[in-house]
Amino acid sequence: MVENILNSIGHFYPEISIVVTLCVVIIADLLLKRENHTISWIFLAGLTVTGLLVLQQTGLNTSIFHDMAAVDPFAVFFKVILIIASLFIVLFSINSRELDPYKSRLGEYYMLIAGMILGMFLMVGSTNLLLIYLAFEMTSICSYVLAGFTKRALKSAEGSIKYIMYGAVSSGIMLYGISLLIGITAATDIYGVNASLAAGIDQPMILYIAILMIIVGIGFKIAVVPFHFWAPDVYEGAPITITAFLAVASKIAAVALMIRLFKVSFMDTASVQIIGDWPIFEGLNWNMLLAFMAALAMIAGNLTALKQDNIKRMLAYSSIAHAGYILMGFVVLTDEGITAIMIYVFMYLFMNLGAFYVAMLFSNKLNTESIEKYKGLGFRAPMECIAMTVFLIALTGLPPTAGFIAKLYIFGAAISAGWIWLVLIAGITTVISLFYYIRVVKNMFFFKSDGISEPLVFDAGSKVILFMLLIPVLLFGIYFTPIIEFARYSLKMFGM
Amino acid sequence: MIITSWYLALSAVLFSIGVIGVLTRKNAIVILMSVEIMLNAVNLTLVSFSAEMGDVHGQIIVFFSLCVAAAEVAVGLAIIIAIYRNNLTVDISKINLLRW
């Protein structure tokens, strides 16, 4: 009993380090002067330490705290992605002018981000229904506050209240699903759920309802149609740093949670015939449901993005569409699909953060998020605009960028599993998505700026961050073998 | 002795009342109250399953769920105050700056 807990603490250092960072940020906020960004650097140092501790966990494959959470290559992969995203978000926040009026509250801001990272770390590792719910809520509650952080801006407060309304309802529905699942399987850890489902249950109808309700909760977090209504409003209202964080980190964490929960609990492990293929329980075709959701997300996300003028809102709809592509790798129920998802989220991290970062730079200088106002920017800030073009091309999925590799693997996995109709929809919607991404590029390069033509000057620091995002997007488009090796290696889940 | 199905039926009814409240009401505070009804319905389900099966896991989850619900309402009310300061109303049909 005690031994297990003591051993578990040894595998829990990244989470402990985040909690320590959270406390240090609160204390530093009391002691330090609030005019400069010292607190950001303290937080960045804390995140770096956490990142190193995560890297130390590579190769572990164990369960901690009596099957509460798992520390396995799968969790470590997603923790690495989350830490990279968080580091970039802190760098963005240092450069953001939007947060300047709230400089005296930066301590709170980083404290809430730390809470969100802790929640997401637990989300990717948790193997117990209670911990899944708690991690989910920890992430959600912190992000409700962060979405409304610039609370004097009307849009921010409005986005925040919409977020908490949708979030509270869908997490309530998810908790009801979890309670029904616990009721019919008499187990709280997902291995126990799997065992009692394999033994057979006498109330299949309640099981369907429970799975449906859990999908509602997770679908909300991934922002997949038809649970996406909050996303455009929250993404537009929230400060751009938080928008980027929600679009990347919290989405990826929810995908990881869904993969682990569904793969471990609802797979018929006894009847595996082909290695790498996972059979589901007879008559429990939840993957069809997810496939329809993915198709809807790709169609609705891409079509609605066509007529958006606000860059954040356009990227919100594009991120809904990307959620559809990510789900496509999951519904095929093969190891190949999961590898493709891991590659996809890794590439998606850099290209989406990059697009948000350039949008933030323009919003700092021009004080606008409207795509129409980007006209002629290609001549005033050539480097940033070329970078934006690369990011948008990557989001479309064209070579030679990382986005191409990501889409290639997802489509390949779906084709080899025989989901031709889904791939067709994905292919057609990808072509549609080209229109709205290219519209931004067209506005930047093919219009003369009206009157004003002095170049926009960005300082060296913001250019360094831009290159830190641009280089991976271009490099992984050509040299992607290490990512694929890393993803293949990280497929291992504890107990599978 | 009342059998467990009655408790489950009651909690399903409570949950539906909560969902209907969320869908039909316009006042942000009433919506939060409806969410609370939903969460309490879940607690009832957990407790009745736990009593039926004779293990305490369900009841432990209820404690956590109560705390989370309290935290959620605290944050929710704070955001409602921020909204009220900006718009001088908590009627969510009048808070419509962001659409499509």
# chains A, B, ... in the order shown; residues from 1 in each chain; ligands from 1

$ interface_residues --of "chain B" --to "chain A" --cutoff "6 Å" --atoms "only C-alpha atoms" --output "list in words"
Leu39, Val42, Leu46, Phe49, Ile83 and Leu98 of chain B

$ write_last_selection --atoms "N, CA and C atoms" --output "compact mmCIF listing (two decimals), in the first residue's frame"
# COMPACT_ATOMS: atom_id res chain seq x y z
N LEU B 39 -26.09 18.16 -12.08
CA LEU B 39 -24.99 17.52 -11.35
C LEU B 39 -25.51 16.77 -10.13
N VAL B 42 -26.82 13.48 -11.09
CA VAL B 42 -25.73 12.52 -11.25
C VAL B 42 -25.30 11.97 -9.90
N LEU B 46 -25.06 8.05 -8.67
CA LEU B 46 -23.85 7.42 -8.14
C LEU B 46 -24.11 6.81 -6.78
N PHE B 49 -26.35 3.63 -7.08
CA PHE B 49 -25.59 2.47 -7.57
C PHE B 49 -24.66 1.95 -6.48
N ILE B 83 -19.78 39.94 -16.88
CA ILE B 83 -20.75 40.22 -17.94
C ILE B 83 -21.69 41.34 -17.53
N LEU B 98 -21.00 38.18 -30.48
CA LEU B 98 -20.29 37.20 -31.30
C LEU B 98 -21.30 36.26 -31.92

$ select_by_dssp --residues "range 196-358 of chain A" --states "helix (DSSP H, G or I)" --output "PyMOL selection string"
chain A and resi 196-198+204-222+230-237+240-265+269-271+286-305+311-331+335-358

$ residues_around --residues "Asp277 in chain A" --least-positions-apart "6" --cutoff "8 Å" --atoms "only C-alpha atoms" --output "PyMOL selection string"
chain A and resi 333-335

$ residues_around --residues "Tyr7 in chain B" --least-positions-apart "2" --cutoff "10 Å" --atoms "only C-alpha atoms" --output "ChimeraX atom specification"
/B:2-5,9-13,41,44-45,47-49

$ atom_distance --atom1 "CA of Gly427 in chain A" --atom2 "CA of Leu408 in chain A"
10.7 Å

$ atom_distance --atom1 "CA of Val35 in chain B" --atom2 "CA of Phe15 in chain B"
8.9 Å

$ residues_around --residues "Leu289 in chain A" --least-positions-apart "4" --cutoff "10 Å" --atoms "only C-alpha atoms" --output "list of chain:residue names"
A:Leu212, A:Ile215, A:Asn285, A:Met293, A:Ala294, A:Val331

$ write_last_selection --atoms "N, CA, C and O atoms" --output "PDB file, in the first residue's frame"
ATOM      1  N   LEU A 212     -22.605   7.309 -25.399  1.00  0.00           N
ATOM      2  CA  LEU A 212     -23.036   8.517 -26.102  1.00  0.00           C
ATOM      3  C   LEU A 212     -22.781   9.755 -25.256  1.00  0.00           C
ATOM      4  O   LEU A 212     -22.273  10.776 -25.737  1.00  0.00           O
ATOM      5  N   ILE A 215     -19.174  10.611 -25.091  1.00  0.00           N
ATOM      6  CA  ILE A 215     -18.748  11.241 -26.358  1.00  0.00           C
ATOM      7  C   ILE A 215     -19.143  12.716 -26.381  1.00  0.00           C
ATOM      8  O   ILE A 215     -18.397  13.552 -26.890  1.00  0.00           O
ATOM      9  N   ASN A 285     -21.096  -0.222 -32.072  1.00  0.00           N
ATOM     10  CA  ASN A 285     -20.373   0.447 -33.153  1.00  0.00           C
ATOM     11  C   ASN A 285     -20.198   1.932 -32.904  1.00  0.00           C
ATOM     12  O   ASN A 285     -20.627   2.761 -33.688  1.00  0.00           O
ATOM     13  N   MET A 293     -19.413  12.042 -37.019  1.00  0.00           N
ATOM     14  CA  MET A 293     -19.039  13.316 -36.411  1.00  0.00           C
ATOM     15  C   MET A 293     -17.832  13.919 -37.123  1.00  0.00           C
ATOM     16  O   MET A 293     -17.768  15.126 -37.368  1.00  0.00           O
ATOM     17  N   ALA A 294     -16.866  13.059 -37.458  1.00  0.00           N
ATOM     18  CA  ALA A 294     -15.666  13.549 -38.147  1.00  0.00           C
ATOM     19  C   ALA A 294     -16.042  14.135 -39.506  1.00  0.00           C
ATOM     20  O   ALA A 294     -15.583  15.227 -39.870  1.00  0.00           O
ATOM     21  N   VAL A 331     -11.233   6.544 -35.933  1.00  0.00           N
ATOM     22  CA  VAL A 331     -12.363   5.656 -36.203  1.00  0.00           C
ATOM     23  C   VAL A 331     -11.941   4.413 -36.973  1.00  0.00           C
ATOM     24  O   VAL A 331     -12.675   3.438 -36.998  1.00  0.00           O
TER      25      VAL A 331
END

$ residues_around --residues "Tyr489 in chain A" --least-positions-apart "3" --cutoff "10 Å" --atoms "only C-alpha atoms" --output "PyMOL selection string"
chain A and resi 59+73-74+77+339+483-486+492

$ closest_residue --among "A:Met328, A:Met347, A:Ala413, A:Leu30" --to "Leu296 in chain A" --atoms "only C-alpha atoms"
A:Met328

$ residues_around --residues "range 324-327 of chain A" --least-positions-apart "4" --cutoff "6 Å" --atoms "only C-alpha atoms" --output "PDB file with N, CA and C atoms, in the first residue's frame"
ATOM      1  N   ALA A 294     -16.866  13.059 -37.458  1.00  0.00           N
ATOM      2  CA  ALA A 294     -15.666  13.549 -38.147  1.00  0.00           C
ATOM      3  C   ALA A 294     -16.042  14.135 -39.506  1.00  0.00           C
ATOM      4  N   ALA A 297     -17.715  17.405 -39.041  1.00  0.00           N
ATOM      5  CA  ALA A 297     -16.765  18.438 -38.629  1.00  0.00           C
ATOM      6  C   ALA A 297     -15.987  18.952 -39.819  1.00  0.00           C
ATOM      7  N   MET A 298     -15.553  18.023 -40.688  1.00  0.00           N
ATOM      8  CA  MET A 298     -14.777  18.456 -41.853  1.00  0.00           C
ATOM      9  C   MET A 298     -15.631  19.326 -42.773  1.00  0.00           C
ATOM     10  N   ILE A 341      -2.424   9.811 -36.085  1.00  0.00           N
ATOM     11  CA  ILE A 341      -2.911  10.904 -35.241  1.00  0.00           C
ATOM     12  C   ILE A 341      -1.756  11.562 -34.511  1.00  0.00           C
TER      13      ILE A 341
END

$ select_by_dssp --residues "range 9-244 of chain A" --states "strand (DSSP E)" --output "list in words"
Thr62, Ser63, Ile64, Ala69, Ala70 and Val71 of chain A

$ write_last_selection --atoms "N, CA, C and O atoms" --output "PDB file, in the first residue's frame"
ATOM      1  N   THR A  62       4.327   1.920 -16.740  1.00  0.00           N
ATOM      2  CA  THR A  62       3.855   1.452 -15.443  1.00  0.00           C
ATOM      3  C   THR A  62       2.575   2.183 -15.046  1.00  0.00           C
ATOM      4  O   THR A  62       2.187   3.161 -15.668  1.00  0.00           O
ATOM      5  N   SER A  63       1.942   1.669 -14.040  1.00  0.00           N
ATOM      6  CA  SER A  63       0.716   2.278 -13.543  1.00  0.00           C
ATOM      7  C   SER A  63       0.981   2.827 -12.158  1.00  0.00           C
ATOM      8  O   SER A  63       1.685   2.188 -11.368  1.00  0.00           O
ATOM      9  N   ILE A  64       0.441   4.021 -11.867  1.00  0.00           N
ATOM     10  CA  ILE A  64       0.756   4.609 -10.571  1.00  0.00           C
ATOM     11  C   ILE A  64      -0.501   4.858  -9.754  1.00  0.00           C
ATOM     12  O   ILE A  64      -1.602   4.938 -10.300  1.00  0.00           O
ATOM     13  N   ALA A  69      -3.474   6.393 -12.647  1.00  0.00           N
ATOM     14  CA  ALA A  69      -2.934   6.963 -13.878  1.00  0.00           C
ATOM     15  C   ALA A  69      -1.848   6.039 -14.398  1.00  0.00           C
ATOM     16  O   ALA A  69      -1.335   5.203 -13.658  1.00  0.00           O
ATOM     17  N   ALA A  70      -1.521   6.184 -15.660  1.00  0.00           N
ATOM     18  CA  ALA A  70      -0.475   5.370 -16.262  1.00  0.00           C
ATOM     19  C   ALA A  70       0.647   6.276 -16.719  1.00  0.00           C
ATOM     20  O   ALA A  70       0.404   7.396 -17.177  1.00  0.00           O
ATOM     21  N   VAL A  71       1.883   5.807 -16.542  1.00  0.00           N
ATOM     22  CA  VAL A  71       3.033   6.503 -17.112  1.00  0.00           C
ATOM     23  C   VAL A  71       3.576   5.572 -18.172  1.00  0.00           C
ATOM     24  O   VAL A  71       4.241   4.594 -17.869  1.00  0.00           O
TER      25      VAL A  71
END

$ closest_residue --among "A:Ile432, A:Val264, A:Ile240, A:Met493" --to "Tyr357 in chain A" --atoms "only C-alpha atoms"
A:Ile240
